[in-house]
Amino acid sequence: MSTEPRFGAAQTPRRLQVVVALAVVGWMLFAAGSYWGDAVDSWADLVLVGSPVALALLIGVLSRTWDRWWPALRGVLEAHTVAIDGTALARVGPSIALAAGLGLFAELMIIRLHASYFQLFAYFKNVSLLSCFLGLGIGYTLGARRPLTTPLVLPLVALLSGMLYLLRYHPVAAQLQTPVAEQVGLGIDIVQTVSRAVAVYGFLAAVFAVNSLCFIPLGHLASRLMLRTGKLVSYSWNLVGSLLGILLFNLLSFLWAPPAVWFLVVTLLLLPFMTGRTGILVPTAAAGVLVVALLGVSFRPNQWDVYSPYQVLTLTVEGNRPPEVRVNNVYYQRLLSMSPGSRAVSAPSGWTSHYAVPYQFKPEPERVLILGSGTGNDVSAALRFGAREIDAVEIDPAILRYGELLHPDAPYASSNVNVVVNDARAFVRRTDKAYDLIVYGLLDSHTLLSGQGGVRLDSYVYTVEAFREARARLREGGLICLTFSVINPQLGRKLYLMLQQAFDGQTPLVYRTVYDQGYTFVIGEDVGEPVTAIAGEIVRRSSMFEQEAIRADVSTDDWPFFYMPVRRYPLSYLAMVGLLLVLSLVMIRQFTPEGRGAWSAPCFFLGAGFMLVETKGITELALVYGSTWVVVGSVIAGILIMAFLANMVVIRRGAPQPVVVYGLLGASLLLGRSLATADLSAAPAWAARVFLTGLLTLPLFFSGFAFSSEVRRAKSVAVALSSNLFGAMLGGFLEYNSMYFGFRSLYLLALAMYVLAFVSSVGLPGMARAGRTA
């Protein structure tokens, strides 16, 4: 009989964690429905809201009858474990790659799903990411334990994802507001009462805990397979699989594949591991079929979803109203006809008159740049008012496609229009054209990058440096016209101050329109009164934002948090971080093996530093290449490639001395902090990009060397990887400090983590490495 540790009576604390997590979900939904009376207006709604409570009660009953059903299930899982352990040695490496690729693919899928269903996760992207890290990290610690629970993965993920998908269509979803008092955004309100804040935090905590449980079996599977071969060799296979996982997900993003396809891929990737007793395939196959079928159903027949590489776009057609596009379930734009004689659904004059404001200052401009052209309203207005050459820049190809197919004026079909699919900031930086008029459409950074790696980025379009670059693209006498939905006076004041700084103290003119709470800011070297009369419903409101009593801090490339009106420490985020830390510590304590050999201090701190450097690298490279999904995906893939190359060097040449590796790592960080903001305008554009790319990614290369060296010295690769993932969680929590100190502060935080890794690696007093073998 095997002497490996098994799950048995010790499973009870884990059962309690499941019960508590699901009970929190049920309590939150039921409390929300009861508190906001109109959330429950039918028996169907009552069943939907109360179903998690019933599920929690069911699991409670199952817990009390544990001894009756667990032996049968354990027998199935034991047979599965024996089958996995019997994998031929020649297939172990590819199996490790498949398991690792499955884990990363599922991680990216979950992050996209959460942000697509609830815009709340746009403010808390790290919640989804870190819950995956927690589950995978716990799973890696269980490598030597049995049985494997891989057959439970898809049923658990399908259950959670199906519940969230149904909630997306329920009135309760509208009550899941952001509890972040320091930050405001388009389309989602700030919680004003303690009871609602408790509900929101409870929802986040429940999703975090349950999602973590879903990923434990995936980490356990990969870890157990990695124990079959050498530590560095198995780590290489893990990196190869992770790289293939992100490439596959990026391919599906490129194809605009919907979540049903994502789940189908996860099901297919799981099937090779469903070995053991006859019938072990049934739960996975059944869960896969059910969730694919559910996600393929729309509960609102007048709505159509398209999953672009960035977000879910929902087209709504209702009665005689203009078609409406929603982004991540929040209103984005209507498709309006700008032609007076159009046969399209008519819109109130106030809705279209604000699009005319730029051309009442600059009639019949020769060359116009539209940033954030969306479905084409701004482009249609430019054509109507005689623009002869228009560059329309839109980052999301699916939004452009909506405009090409459905806009009543067909503006993108005009020969005067040059359509560019790119990041607005990147286009302004690279173009050599000069414009009579630069028009900013409604851009919202909360909808971008919601699914790529879980790194929370804000807008590099609305910074002082960005406006200065746009100013440099104006012809003599050219103007910038920026329209924004000002839902908070401080945001308007912030825009006012940023434009004022970008134009060396010149003050912009501001007009209030009656469409989407829009305010249009007009500024240029020689801006004066409008050449033609402005519609009567549009009123000048410059004085509103001249008031010094309205406090606002300008956004910069180092602190690009436009939706934070003032720079202050995000205590609301701190509350969330504290809650998730408590949950994480409880789950780690209940699930992971005891003993000092179960973790590695150097790998833990390397994980924290790596997460900070990755965040810093992605944000800074976004300035070099643009904040597109291709850039973010390429950066993450590049990081994995560098880690693989560093690992291969360690395998073939051996590990350098810790003082050398960590010394180079620290030096590269300090060099990057000193030179990342250097003025390279005199150098050729390609040379500047190559230099900055190398400079910003160099720390990641040396970090890969350090980690491979620690893997080689660790007790096992499972210990190293689990500790690294737990450390990455710490780095994810520390990353929120950038919301007050700026992104350059991440250099110093990362340096501190790497110093702690070095100290624990060389074994200074009090910091001896746990889990190292001789």
# chains A, B, ... in the order shown; residues from 1 in each chain; ligands from 1
$ select_by_dssp --residues "region 409-630 of chain A" --states "alpha helix (DSSP H)" --output "PyMOL selection string"
chain A and resi 424-430+464-471+489-502+542-545+571-591+601-625+629-630
$ residues_around --residues "region 92-108 of chain A" --least-positions-apart "5" --cutoff "7 Å" --atoms "only C-alpha atoms" --output "list in words"
Thr87, Cys132, Leu218, Leu221, Ala222, Leu225, Met226, Ser234, Trp237, Asn238, Val240, Gly241, Ser242, Leu244, Gly245, Ile246, Phe249, Val266, Leu269, Gly451, Gln452 and Gly453 of chain A
$ closest_residue --among "A:Arg321, A:Pro411, A:Asn724, A:Ser555" --to "Val464 (chain A)" --atoms "only C-alpha atoms"
A:Ser555
$ residues_around --residues "Leu371 (chain A)" --least-positions-apart "6" --cutoff "6 Å" --atoms "only C-alpha atoms" --output "PyMOL selection string"
chain A and resi 393+424+440-441
